[in-house]
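Enquirer: mmCIF, C-alpha atoms and all ligand atoms, saved as data_13.cif, coming up:
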```cif
data_work
loop_
_atom_site.label_atom_id
_atom_site.label_comp_id
_atom_site.auth_asym_id
_atom_site.auth_seq_id
_atom_site.Cartn_x
_atom_site.Cartn_y
_atom_site.Cartn_z
CA MET C 63 16.35 26.37 2.53
CA SER C 64 16.40 22.58 2.27
CA VAL C 65 14.54 20.00 0.20
CA THR C 66 13.40 16.57 1.43
CA VAL C 67 12.50 13.73 -0.92
CA ARG C 68 10.86 10.45 0.10
CA VAL C 69 11.87 7.38 -1.89
CA PRO C 70 10.49 3.83 -1.69
CA ALA C 71 12.13 0.40 -1.57
CA LYS C 72 11.31 -2.18 -4.24
CA VAL C 73 10.64 -5.86 -4.46
CA ASN C 74 11.14 -7.79 -7.71
CA VAL C 75 8.06 -9.86 -8.45
CA GLN C 76 9.84 -11.33 -11.45
CA LEU C 77 13.59 -11.30 -11.93
CA GLY C 78 14.37 -13.05 -15.19
CA VAL C 79 18.13 -13.13 -15.82
CA GLY C 80 19.85 -13.82 -19.15
CA ALA C 81 23.44 -14.79 -19.88
CA ALA C 82 26.30 -12.42 -19.02
CA ARG C 83 26.82 -9.81 -21.76
CA PRO C 84 30.23 -8.74 -23.08
CA ASP C 85 30.09 -5.72 -20.70
CA GLY C 86 29.62 -8.09 -17.72
CA PHE C 87 26.01 -7.03 -17.08
CA HIS C 88 23.08 -9.39 -17.62
CA ASP C 89 20.00 -8.72 -19.70
CA LEU C 90 17.00 -8.77 -17.42
CA ALA C 91 13.23 -9.02 -17.47
CA ASN C 92 12.81 -7.31 -14.15
CA VAL C 93 9.33 -6.58 -12.84
CA PHE C 94 9.64 -4.02 -10.05
CA LEU C 95 7.01 -3.14 -7.46
CA ALA C 96 7.62 -0.13 -5.20
CA VAL C 97 6.66 -0.85 -1.58
CA GLY C 98 6.07 1.37 1.43
CA LEU C 99 9.43 1.27 3.16
CA HIS C 100 11.10 4.62 2.59
CA ASP C 101 14.34 6.54 2.91
CA GLU C 102 14.15 10.31 3.17
CA VAL C 103 16.91 12.34 1.55
CA THR C 104 17.33 15.98 2.59
CA VAL C 105 19.70 18.36 0.81
CA THR C 106 20.77 21.69 2.29
CA PRO C 107 23.25 24.23 0.86
CA ALA C 108 26.64 23.84 2.58
CA ASP C 109 30.30 24.86 2.18
CA GLU C 110 31.24 21.50 0.72
CA LEU C 111 29.68 18.20 -0.35
CA ARG C 112 29.00 16.12 2.71
CA VAL C 113 26.84 13.05 3.42
CA THR C 114 25.35 12.06 6.77
CA CYS C 115 23.07 9.18 7.62
CA SER C 116 20.75 8.28 10.49
CA GLY C 117 18.68 5.17 11.20
CA PRO C 118 19.30 1.69 12.64
CA ASP C 119 21.62 0.59 9.79
CA ALA C 120 23.40 3.98 9.41
CA ALA C 121 26.80 2.60 10.41
CA GLN C 122 26.83 0.37 7.29
CA VAL C 123 26.27 3.25 4.85
CA PRO C 124 29.41 4.62 3.14
CA LEU C 125 29.63 8.41 3.50
CA ASP C 126 32.19 9.00 0.74
CA ARG C 127 31.92 9.44 -3.03
CA THR C 128 30.84 5.81 -3.47
CA ASN C 129 27.51 6.71 -1.87
CA LEU C 130 24.96 6.83 -4.69
CA ALA C 131 23.43 10.00 -3.21
CA ALA C 132 26.79 11.80 -3.45
CA ARG C 133 27.32 10.43 -6.96
CA ALA C 134 23.87 11.68 -8.00
CA ALA C 135 24.59 15.22 -6.71
CA LEU C 136 27.99 15.22 -8.46
CA ALA C 137 26.51 13.96 -11.76
CA LEU C 138 23.75 16.60 -11.85
CA ALA C 139 26.13 19.39 -10.77
CA GLU C 140 28.65 18.44 -13.45
CA ARG C 141 26.03 18.40 -16.21
CA ARG C 142 24.67 21.79 -15.14
CA GLY C 143 27.97 23.51 -14.26
CA ILE C 144 26.95 23.89 -10.60
CA GLU C 145 29.24 23.55 -7.57
CA PRO C 146 27.96 20.46 -5.69
CA THR C 147 28.18 22.17 -2.29
CA VAL C 148 25.35 20.47 -0.44
CA HIS C 149 24.88 18.58 2.75
CA ILE C 150 22.97 15.39 1.93
CA HIS C 151 21.29 13.73 4.88
CA ILE C 152 19.82 10.24 4.47
CA ALA C 153 17.22 9.15 7.02
CA LYS C 154 17.53 5.44 6.31
CA ASP C 155 14.73 2.97 6.81
CA ILE C 156 15.35 0.66 3.81
CA PRO C 157 17.65 -2.25 4.73
CA VAL C 158 21.27 -1.80 3.64
CA ALA C 159 22.67 -4.36 1.14
CA GLY C 160 19.31 -6.11 1.30
CA GLY C 161 18.23 -6.43 -2.34
CA MET C 162 15.55 -3.77 -1.89
CA ALA C 163 17.30 -0.97 -3.82
CA GLY C 164 18.10 1.11 -0.73
CA GLY C 165 21.23 2.63 -2.27
CA SER C 166 19.41 3.24 -5.54
CA ALA C 167 16.62 4.97 -3.63
CA ASP C 168 19.15 7.35 -2.09
CA GLY C 169 20.62 8.10 -5.53
CA ALA C 170 17.22 8.90 -7.03
CA GLY C 171 16.22 10.87 -3.90
CA ALA C 172 19.37 13.02 -3.90
CA LEU C 173 18.98 13.67 -7.62
CA VAL C 174 15.38 14.87 -7.30
CA ALA C 175 16.24 16.88 -4.17
CA CYS C 176 19.28 18.62 -5.74
CA ASP C 177 17.30 19.28 -8.91
CA ALA C 178 14.61 21.04 -6.84
CA LEU C 179 17.14 22.87 -4.63
CA TRP C 180 19.17 24.15 -7.58
CA GLY C 181 16.15 24.75 -9.83
CA THR C 182 18.00 23.19 -12.77
CA GLY C 183 14.89 22.76 -14.92
CA ALA C 184 16.16 19.33 -16.01
CA THR C 185 13.55 17.27 -17.84
CA ARG C 186 12.29 13.96 -16.46
CA ALA C 187 14.09 12.23 -19.37
CA GLU C 188 17.38 13.87 -18.39
CA LEU C 189 16.95 12.85 -14.74
CA LEU C 190 16.19 9.29 -15.85
CA ASP C 191 19.37 9.32 -17.97
CA ILE C 192 21.44 10.30 -14.96
CA CYS C 193 19.69 7.60 -12.90
CA ALA C 194 20.60 4.95 -15.49
CA GLU C 195 24.26 6.08 -15.35
CA LEU C 196 24.22 5.71 -11.56
CA GLY C 197 22.91 2.12 -11.50
CA SER C 198 20.52 -0.36 -13.06
CA ASP C 199 17.81 0.01 -10.37
CA VAL C 200 18.03 3.79 -9.90
CA PRO C 201 15.54 4.79 -12.65
CA PHE C 202 12.86 2.66 -11.01
CA SER C 203 13.41 4.37 -7.66
CA LEU C 204 12.60 7.64 -9.43
CA VAL C 205 9.38 6.44 -11.11
CA GLY C 206 7.99 3.99 -8.50
CA GLY C 207 4.65 2.23 -8.93
CA ALA C 208 5.26 -0.93 -10.93
CA ALA C 209 7.37 -1.27 -14.05
CA LEU C 210 9.09 -3.78 -16.32
CA GLY C 211 12.83 -3.12 -16.54
CA THR C 212 14.65 -4.49 -19.57
CA GLY C 213 18.23 -4.09 -20.80
CA ARG C 214 20.24 -4.24 -17.57
CA GLY C 215 17.01 -3.22 -15.78
CA GLU C 216 17.22 0.50 -16.55
CA LYS C 217 14.82 0.66 -19.53
CA LEU C 218 11.41 1.01 -17.92
CA THR C 219 7.88 0.37 -19.11
CA PRO C 220 5.25 1.36 -16.52
CA LEU C 221 2.80 -1.41 -15.59
CA GLU C 222 -0.82 -1.23 -14.59
CA VAL C 223 -1.62 -2.53 -11.09
CA GLY C 224 -5.24 -3.22 -10.13
CA GLY C 225 -4.93 -3.28 -6.34
CA THR C 226 -2.68 -3.19 -3.29
CA PHE C 227 -0.40 -6.15 -2.54
CA HIS C 228 0.60 -6.86 1.05
CA TRP C 229 4.08 -8.09 1.95
CA VAL C 230 6.26 -9.12 4.85
CA PHE C 231 10.02 -8.60 4.55
CA ALA C 232 12.58 -10.45 6.67
CA MET C 233 16.00 -8.81 6.88
CA ALA C 234 18.93 -11.20 7.22
CA GLU C 235 21.81 -11.06 9.70
CA ARG C 236 24.36 -9.99 7.07
CA GLY C 237 24.27 -8.42 3.59
CA LEU C 238 24.96 -9.91 0.15
CA SER C 239 26.87 -8.07 -2.57
CA THR C 240 24.90 -7.79 -5.83
CA PRO C 241 27.98 -8.40 -8.06
CA ALA C 242 28.83 -11.49 -5.99
CA VAL C 243 25.31 -12.88 -6.47
CA PHE C 244 25.49 -12.32 -10.25
CA ARG C 245 28.92 -14.01 -10.30
CA GLU C 246 27.42 -16.97 -8.45
CA PHE C 247 24.58 -17.03 -11.00
CA ASP C 248 27.24 -17.22 -13.75
CA ARG C 249 29.02 -20.03 -11.93
CA LEU C 250 25.84 -22.04 -11.35
CA THR C 251 24.64 -21.64 -14.94
CA GLU C 252 28.01 -22.22 -16.63
CA GLY C 253 27.63 -24.48 -19.66
CA HIS C 254 23.83 -24.10 -19.63
CA ASP C 255 21.85 -22.59 -22.46
CA ILE C 256 20.22 -19.51 -20.92
CA PRO C 257 17.21 -18.19 -22.85
CA ALA C 258 16.67 -14.44 -23.27
CA PRO C 259 14.57 -13.30 -20.29
CA GLU C 260 10.98 -12.27 -20.95
CA ALA C 261 8.21 -10.86 -18.78
CA ASP C 262 5.72 -13.57 -17.79
CA PRO C 263 2.26 -12.67 -19.22
CA SER C 264 0.42 -14.42 -16.37
CA LEU C 265 2.35 -12.33 -13.85
CA LEU C 266 1.50 -9.09 -15.67
CA THR C 267 -2.19 -10.13 -15.71
CA ALA C 268 -2.10 -10.89 -11.97
CA LEU C 269 -0.62 -7.43 -11.30
CA ALA C 270 -3.20 -5.74 -13.53
CA LYS C 271 -6.04 -7.57 -11.75
CA GLY C 272 -4.63 -6.93 -8.27
CA ASP C 273 -4.98 -10.69 -7.62
CA PRO C 274 -2.58 -11.83 -4.85
CA GLU C 275 -3.18 -15.58 -5.34
CA ALA C 276 -2.41 -15.35 -9.06
CA LEU C 277 0.63 -13.16 -8.38
CA ALA C 278 1.85 -15.65 -5.76
CA ALA C 279 1.68 -18.45 -8.33
CA ALA C 280 3.73 -16.42 -10.81
CA LEU C 281 6.51 -14.95 -8.59
CA THR C 282 10.00 -15.93 -9.80
CA ASN C 283 13.57 -14.89 -9.12
CA ASP C 284 16.33 -16.37 -11.26
CA LEU C 285 18.90 -15.05 -8.76
CA GLN C 286 17.36 -17.02 -5.90
CA PRO C 287 19.48 -20.18 -6.37
CA ALA C 288 22.63 -18.01 -6.40
CA ALA C 289 21.55 -16.08 -3.27
CA LEU C 290 20.71 -19.36 -1.48
CA SER C 291 24.01 -20.87 -2.56
CA LEU C 292 25.90 -17.94 -0.95
CA TYR C 293 23.55 -17.73 2.04
CA PRO C 294 22.00 -21.20 2.67
CA GLU C 295 20.38 -20.10 5.96
CA LEU C 296 17.82 -18.10 3.93
CA ALA C 297 16.04 -21.36 3.08
CA ALA C 298 14.91 -21.65 6.73
CA THR C 299 13.49 -18.10 6.66
CA LEU C 300 11.58 -18.85 3.45
CA ARG C 301 10.19 -22.05 4.94
CA THR C 302 9.14 -20.30 8.16
CA GLY C 303 7.09 -17.69 6.28
CA GLU C 304 5.51 -20.31 4.01
CA ARG C 305 4.50 -22.47 6.97
CA ALA C 306 3.05 -19.40 8.72
CA GLY C 307 0.66 -18.97 5.79
CA ALA C 308 2.35 -16.71 3.22
CA LEU C 309 0.90 -17.12 -0.28
CA ALA C 310 4.47 -17.24 -1.61
CA ALA C 311 8.01 -16.65 -0.42
CA LEU C 312 11.04 -15.55 -2.39
CA VAL C 313 14.38 -13.82 -2.13
CA SER C 314 14.02 -10.11 -2.95
CA GLY C 315 16.27 -9.21 -5.91
CA SER C 316 19.84 -10.29 -5.20
CA GLY C 317 18.93 -10.80 -1.53
CA PRO C 318 19.42 -11.50 1.24
CA THR C 319 16.09 -9.93 2.26
CA THR C 320 13.29 -12.47 1.91
CA ALA C 321 9.86 -11.34 0.74
CA PHE C 322 6.51 -12.94 1.61
CA LEU C 323 3.41 -12.12 -0.39
CA VAL C 324 0.36 -12.37 1.87
CA ARG C 325 -3.41 -12.12 1.50
CA ASP C 326 -4.07 -8.94 3.50
CA ALA C 327 -2.80 -6.66 6.28
CA ASP C 328 -4.02 -8.99 9.08
CA SER C 329 -2.23 -11.93 7.55
CA ALA C 330 0.90 -9.75 7.20
CA ASN C 331 0.87 -8.99 10.93
CA HIS C 332 0.40 -12.65 11.86
CA ILE C 333 3.20 -13.89 9.58
CA ALA C 334 5.49 -11.06 10.70
CA ALA C 335 4.96 -12.06 14.33
CA THR C 336 5.83 -15.69 13.54
CA LEU C 337 8.98 -14.69 11.66
CA ARG C 338 10.06 -12.34 14.49
CA THR C 339 10.09 -15.13 17.05
CA SER C 340 11.56 -17.75 14.68
CA GLY C 341 15.21 -16.78 15.13
CA THR C 342 15.72 -17.06 11.36
CA CYS C 343 16.11 -13.34 10.63
CA ARG C 344 17.25 -10.02 12.13
CA VAL C 345 14.34 -7.64 11.57
CA VAL C 346 10.84 -8.12 10.11
CA ARG C 347 8.77 -5.39 8.46
CA THR C 348 5.41 -5.25 6.74
CA ALA C 349 4.73 -3.02 3.71
CA SER C 350 2.33 -2.79 0.82
CA GLY C 351 2.63 -1.59 -2.75
CA PRO C 352 2.55 -0.12 -5.26
CA VAL C 353 3.55 3.30 -3.90
CA PRO C 354 4.82 6.37 -5.78
CA GLY C 355 8.49 6.90 -6.64
CA ALA C 356 10.77 9.73 -5.45
CA THR C 357 8.54 12.56 -4.20
CA VAL C 358 9.42 15.98 -2.78
CA VAL C 359 7.78 16.07 0.63
CA SER C 360 9.12 19.37 1.92
CA ALA C 361 11.06 22.33 0.68
CA GLY C 362 11.66 24.73 3.54
CA GLN C 363 13.74 25.61 6.57
CA ARG C 364 16.72 23.50 7.52
CA ARG C 365 15.95 20.79 10.07
CA SER C 366 18.45 19.82 12.75
CA MET C 367 19.95 16.41 11.99
CA PRO C 368 23.49 15.00 11.62
CA VAL C 369 24.84 11.90 13.11
CA ARG C 370 27.89 10.63 11.22
CA SER C 371 29.50 13.30 9.10
CA THR C 372 32.56 13.31 6.84
CA PRO C 373 33.35 16.03 4.31
CA ILE C 374 33.85 14.63 0.81
CA GLY C 375 37.00 16.20 -0.60
O1 LIG C 401 23.90 -1.37 -12.08
P1 LIG C 401 24.40 -1.63 -10.70
O2 LIG C 401 25.60 -0.81 -10.37
O3 LIG C 401 23.35 -1.54 -9.67
O4 LIG C 401 24.86 -3.12 -10.71
C1 LIG C 401 25.64 -3.66 -9.67
C2 LIG C 401 26.30 -4.93 -10.16
O5 LIG C 401 25.30 -5.94 -10.36
C3 LIG C 401 26.99 -4.82 -11.51
O6 LIG C 401 28.31 -4.39 -11.34
C4 LIG C 401 26.93 -6.24 -12.01
O7 LIG C 401 27.90 -7.04 -11.38
C5 LIG C 401 25.58 -6.72 -11.50
N1 LIG C 401 24.51 -6.56 -12.49
C6 LIG C 401 24.45 -7.40 -13.58
N2 LIG C 401 23.45 -7.25 -14.49
C7 LIG C 401 22.49 -6.32 -14.32
C8 LIG C 401 22.51 -5.47 -13.20
C9 LIG C 401 23.53 -5.61 -12.30
O8 LIG C 401 25.31 -8.26 -13.76
N3 LIG C 401 21.52 -6.23 -15.22
#
```
Take the structure in the file and give it back as structure tokens.
Expert:
Amino acid sequence: MSVTVRVPAKVNVQLGVGAARPDGFHDLANVFLAVGLHDEVTVTPADELRVTCSGPDAAQVPLDRTNLAARAALALAERRGIEPTVHIHIAKDIPVAGGMAGGSADGAGALVACDALWGTGATRAELLDICAELGSDVPFSLVGGAALGTGRGEKLTPLEVGGTFHWVFAMAERGLSTPAVFREFDRLTEGHDIPAPEADPSLLTALAKGDPEALAAALTNDLQPAALSLYPELAATLRTGERAGALAALVSGSGPTTAFLVRDADSANHIAATLRTSGTCRVVRTASGPVPGATVVSAGQRRSMPVRSTPIG
């Protein structure tokens, strides 16, 4: 018996960042949109907790207890008094360290998969609690769609979306660490008066109407100057997509993935082709959203998999 859960990546259409709090986190007004790039997390009963990963970026994924999928299994098992003896396999398609919540997706995916495998009967609220303990973006990976995240991003209000938005994503040569980007934000804003972040009403209206032009005019990311300061080459990628006809270009979350909002699927393919030959990024993908959050896609016989495998003692 094994359970497979499909979990989407996210793009932040607004990332409003407040001043650092006493706990080091920042209050956010974080408008998430789930987009159709997915990881699949499969859990299978095993003698011990083990994580494996496949996919083009698999070598960059930690397979120890720092992996959010392992932490999710351990957190649920501990709450329910269950031995966390599962093999977690991550089929990774979301870029690693890319600002698209790939690690968070794996945490939410493993949690939903273990919950189904073990039949814990945990409520949605309890699962969301565990997600919030695992990381600020993990609850959104569970719920998907579109949502406003407040607090450190973990308190979610679902948002209405009136259509499908088309995107192109350009993955950068190297990753950026989220804490490092927030530290750079603190450095760049030192001595400034930072207002409390608030969701932009015009952006919420654009989402509700499904209007890409209006959404393009409202996209903002307060972490973008910090990401560009740490990774100045991203400016050339943003410019390339804009010149190719994107409605808007921005850094996705803490970066370094760059996101291009486009008019339709044809435009996405054209802009993706231009970015691919530009030499300003590593990999280019197209995706649209909103899409659903973590979803069980199969619960059945074990599939053959493994690639890299280390037991977690
Ligand atoms: O919550 P998560 O573990 O994903 O956060 C990773 C890091 O990002 C935190 O340790 C912190 O440095 C930074 N962060 C922040 N404010 C937030 C969310 C994350 O400063 N609201």
Enquirer: List every protein, DNA or RNA residue that has an atom no more than 10 Å from (26.0, 12.4, -12.3) in the file's coordinate frame, counting all atoms listed in the file, and report them as a ChimeraX atom specification.
Expert: /C:130-142,169,173,189,191-196
Enquirer: In Å, rounded to a single decimal, give me how far atom CA of Ala361 of chain C is from atom CA of Met63 of chain C.
Expert: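 Taking atom CA of Met63 of chain C as the start and atom CA of Ala361 of chain C as the end point, the length is 6.9 Å.
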Enquirer: Tell me, in Å to one decimal, how far atom CA of Ala187 of chain C is from atom CA of Asp101 of chain C.
Expert: 23.0 Å
Enquirer: For a quick check of understanding, using only C-alpha atoms and all ligand atoms, which of C:Cys115, C:Leu238, C:Leu309, C:Val65 has the smallest distance to ligand LIG 401 (chain C)?
Expert: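 Of the candidates, the smallest distance to ligand LIG 401 (chain C) is held by C:Leu238.
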Enquirer: Just the residues within 8 Å of Val103 of chain C, please, counting all atoms listed in the file, with nothing from its chain fewer than 4 positions along; format it as a list of chain:residue names.
Expert: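 The residues satisfying every condition are C:Thr66, C:Val67, C:Arg68, C:Val69, C:Ile150, C:His151, C:Ile152, C:Ala153, C:Asp168, C:Gly171, C:Ala172, C:Ala175.
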Enquirer: Pick from C:Thr336, C:Val79, C:Glu110, C:Lys154: nearest to Pro287 of chain C, with only C-alpha atoms counted?
Expert: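 Nearest to Pro287 of chain C: C:Val79.
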Enquirer: From the list C:Leu337, C:Ala96, C:Ala159, C:Val243, which residue is nearest ligand LIG 401 (chain C) when using only C-alpha atoms and all ligand atoms?
Expert: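 When distances to ligand LIG 401 (chain C) are compared using only C-alpha atoms and all ligand atoms, the smallest one comes from C:Val243.
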Enquirer: Which residue, C:Cys343, C:Leu300, C:Ala234, C:Leu277, has the smallest gap to Asn74 of chain C when you use all atoms listed in the file?
Expert: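 Once distances to Asn74 of chain C are computed over all atoms listed in the file, the minimum belongs to C:Leu277.
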Enquirer: Between atom C9 of ligand LIG 401 (chain C) and atom CA of Phe87 of chain C, what is the distance in Å, rounded to a tenth?
Expert: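 Separation of atom C9 of ligand LIG 401 (chain C) and atom CA of Phe87 of chain C: 5.6 Å.
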Enquirer: Check the smallest atom-to-atom distance from each of C:Leu266, C:Ala82, C:Val148, C:Ala335 to Phe94 of chain C using only C-alpha atoms, then report the winner.
Expert: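 Answer, going by the shortest atom-to-atom distance: C:Leu266.
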Enquirer: Could you give me, as JSON, numbers by chain, every polymer residue with an atom at most 6 Å away from an atom of ligand LIG 401 (chain C), counting all atoms listed in the file?
Expert: {"C": [86, 87, 88, 89, 90, 197, 198, 199, 214, 215, 240, 241, 244]}
Enquirer: Enumerate, as a PyMOL selection string, the protein, DNA and RNA residues whose atoms approach (11.2, 7.6, -15.9) to within 10 Å, taking into account only C-alpha atoms and the coordinate frame of the file.
Expert: chain C and resi 186-191+193-194+200-206+209+216-220+355
Enquirer: My list of candidates is C:His149, C:Arg347, C:Arg249, C:His254. Which is closest to Phe322 of chain C when distances are computed with all atoms listed in the file?
Expert: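 Ranking C:His149, C:Arg347, C:Arg249, C:His254 by distance to Phe322 of chain C, first place goes to C:Arg347.
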Enquirer: List the spatial neighbours of Thr348 of chain C as a PDB file with C-alpha atoms, in the coordinates of the input - criterion: any atom at most 7 Å away, all atoms listed in the file, same-chain residues fewer than 3 positions off excluded.
Expert:
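The resulting around.pdb:
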```
ATOM      1  CA  TRP C 229       4.080  -8.090   1.950  1.00  0.00           C
ATOM      2  CA  VAL C 230       6.260  -9.120   4.850  1.00  0.00           C
ATOM      3  CA  PHE C 231      10.020  -8.600   4.550  1.00  0.00           C
ATOM      4  CA  ALA C 330       0.900  -9.750   7.200  1.00  0.00           C
TER       5      ALA C 330
END
```
Enquirer: Residues at most 8 Å from Ala71 of chain C, counting only C-alpha atoms, excluding those fewer than 6 positions away in the same chain, as a list in words?
Expert: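 Near Ala71 of chain C, the qualifying residues are Ala96, Val97, Gly98, Leu99, His100, Asp101, Ile156, Met162, Ala163, Gly164, Ala167 and Ser203 of chain C.
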Enquirer: Just the selected residues (C-alpha atoms), exported as a short mmCIF file (atom, residue, chain, number, x, y, z; two decimals), keeping the file's coordinate frame, please.
Expert:
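This is the output file selection_16.cif:
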```
data_model
loop_
_atom_site.label_atom_id
_atom_site.label_comp_id
_atom_site.auth_asym_id
_atom_site.auth_seq_id
_atom_site.Cartn_x
_atom_site.Cartn_y
_atom_site.Cartn_z
CA ALA C 96 7.62 -0.13 -5.20
CA VAL C 97 6.66 -0.85 -1.58
CA GLY C 98 6.07 1.37 1.43
CA LEU C 99 9.43 1.27 3.16
CA HIS C 100 11.10 4.62 2.59
CA ASP C 101 14.34 6.54 2.91
CA ILE C 156 15.35 0.66 3.81
CA MET C 162 15.55 -3.77 -1.89
CA ALA C 163 17.30 -0.97 -3.82
CA GLY C 164 18.10 1.11 -0.73
CA ALA C 167 16.62 4.97 -3.63
CA SER C 203 13.41 4.37 -7.66
#
```
Enquirer: Assuming the input is short of atoms at segment 70-77 of chain C, produce all heavy atoms for that part as a PDB file, keeping the file's coordinate frame.
Expert:
```pdb
ATOM      1  N   PRO C  70      10.865   5.160  -2.179  1.00  0.00           N
ATOM      2  CA  PRO C  70      10.490   3.830  -1.690  1.00  0.00           C
ATOM      3  C   PRO C  70      11.533   2.749  -1.984  1.00  0.00           C
ATOM      4  O   PRO C  70      12.371   2.894  -2.884  1.00  0.00           O
ATOM      5  CB  PRO C  70       9.224   3.533  -2.502  1.00  0.00           C
ATOM      6  CG  PRO C  70       9.485   4.208  -3.819  1.00  0.00           C
ATOM      7  CD  PRO C  70      10.287   5.458  -3.493  1.00  0.00           C
ATOM      8  N   ALA C  71      11.401   1.632  -1.245  1.00  0.00           N
ATOM      9  CA  ALA C  71      12.130   0.400  -1.570  1.00  0.00           C
ATOM     10  C   ALA C  71      11.384  -0.326  -2.685  1.00  0.00           C
ATOM     11  O   ALA C  71      10.273   0.060  -3.061  1.00  0.00           O
ATOM     12  CB  ALA C  71      12.174  -0.488  -0.333  1.00  0.00           C
ATOM     13  N   LYS C  72      11.993  -1.366  -3.213  1.00  0.00           N
ATOM     14  CA  LYS C  72      11.310  -2.180  -4.240  1.00  0.00           C
ATOM     15  C   LYS C  72      11.442  -3.653  -3.897  1.00  0.00           C
ATOM     16  O   LYS C  72      12.358  -4.075  -3.179  1.00  0.00           O
ATOM     17  CB  LYS C  72      11.879  -1.920  -5.643  1.00  0.00           C
ATOM     18  CG  LYS C  72      13.376  -2.205  -5.830  1.00  0.00           C
ATOM     19  CD  LYS C  72      13.750  -3.634  -6.163  1.00  0.00           C
ATOM     20  CE  LYS C  72      15.253  -3.828  -6.241  1.00  0.00           C
ATOM     21  NZ  LYS C  72      15.723  -5.187  -6.250  1.00  0.00           N
ATOM     22  N   VAL C  73      10.485  -4.410  -4.461  1.00  0.00           N
ATOM     23  CA  VAL C  73      10.640  -5.860  -4.460  1.00  0.00           C
ATOM     24  C   VAL C  73      10.511  -6.268  -5.928  1.00  0.00           C
ATOM     25  O   VAL C  73       9.798  -5.617  -6.698  1.00  0.00           O
ATOM     26  CB  VAL C  73       9.578  -6.547  -3.563  1.00  0.00           C
ATOM     27  CG1 VAL C  73       8.151  -6.249  -3.986  1.00  0.00           C
ATOM     28  CG2 VAL C  73       9.792  -8.049  -3.497  1.00  0.00           C
ATOM     29  N   ASN C  74      11.251  -7.295  -6.329  1.00  0.00           N
ATOM     30  CA  ASN C  74      11.140  -7.790  -7.710  1.00  0.00           C
ATOM     31  C   ASN C  74      10.144  -8.925  -7.699  1.00  0.00           C
ATOM     32  O   ASN C  74      10.388  -9.949  -7.058  1.00  0.00           O
ATOM     33  CB  ASN C  74      12.485  -8.310  -8.211  1.00  0.00           C
ATOM     34  CG  ASN C  74      13.567  -7.272  -8.082  1.00  0.00           C
ATOM     35  OD1 ASN C  74      14.191  -7.165  -7.048  1.00  0.00           O
ATOM     36  ND2 ASN C  74      13.749  -6.501  -9.123  1.00  0.00           N
ATOM     37  N   VAL C  75       9.027  -8.763  -8.404  1.00  0.00           N
ATOM     38  CA  VAL C  75       8.060  -9.860  -8.450  1.00  0.00           C
ATOM     39  C   VAL C  75       8.426 -10.866  -9.534  1.00  0.00           C
ATOM     40  O   VAL C  75       8.046 -12.020  -9.474  1.00  0.00           O
ATOM     41  CB  VAL C  75       6.606  -9.353  -8.579  1.00  0.00           C
ATOM     42  CG1 VAL C  75       6.166  -8.683  -7.283  1.00  0.00           C
ATOM     43  CG2 VAL C  75       6.416  -8.420  -9.741  1.00  0.00           C
ATOM     44  N   GLN C  76       9.173 -10.415 -10.526  1.00  0.00           N
ATOM     45  CA  GLN C  76       9.840 -11.330 -11.450  1.00  0.00           C
ATOM     46  C   GLN C  76      11.241 -10.805 -11.676  1.00  0.00           C
ATOM     47  O   GLN C  76      11.420  -9.609 -11.929  1.00  0.00           O
ATOM     48  CB  GLN C  76       9.125 -11.411 -12.811  1.00  0.00           C
ATOM     49  CG  GLN C  76       9.845 -12.387 -13.762  1.00  0.00           C
ATOM     50  CD  GLN C  76       9.281 -12.420 -15.179  1.00  0.00           C
ATOM     51  OE1 GLN C  76       8.258 -11.811 -15.476  1.00  0.00           O
ATOM     52  NE2 GLN C  76       9.970 -13.113 -16.058  1.00  0.00           N
ATOM     53  N   LEU C  77      12.223 -11.679 -11.570  1.00  0.00           N
ATOM     54  CA  LEU C  77      13.590 -11.300 -11.930  1.00  0.00           C
ATOM     55  C   LEU C  77      14.111 -12.373 -12.864  1.00  0.00           C
ATOM     56  O   LEU C  77      14.625 -13.405 -12.424  1.00  0.00           O
ATOM     57  CB  LEU C  77      14.448 -11.121 -10.666  1.00  0.00           C
ATOM     58  CG  LEU C  77      15.881 -10.629 -10.844  1.00  0.00           C
ATOM     59  CD1 LEU C  77      15.972  -9.475 -11.851  1.00  0.00           C
ATOM     60  CD2 LEU C  77      16.445 -10.149  -9.521  1.00  0.00           C
TER      61      LEU C  77
END
```
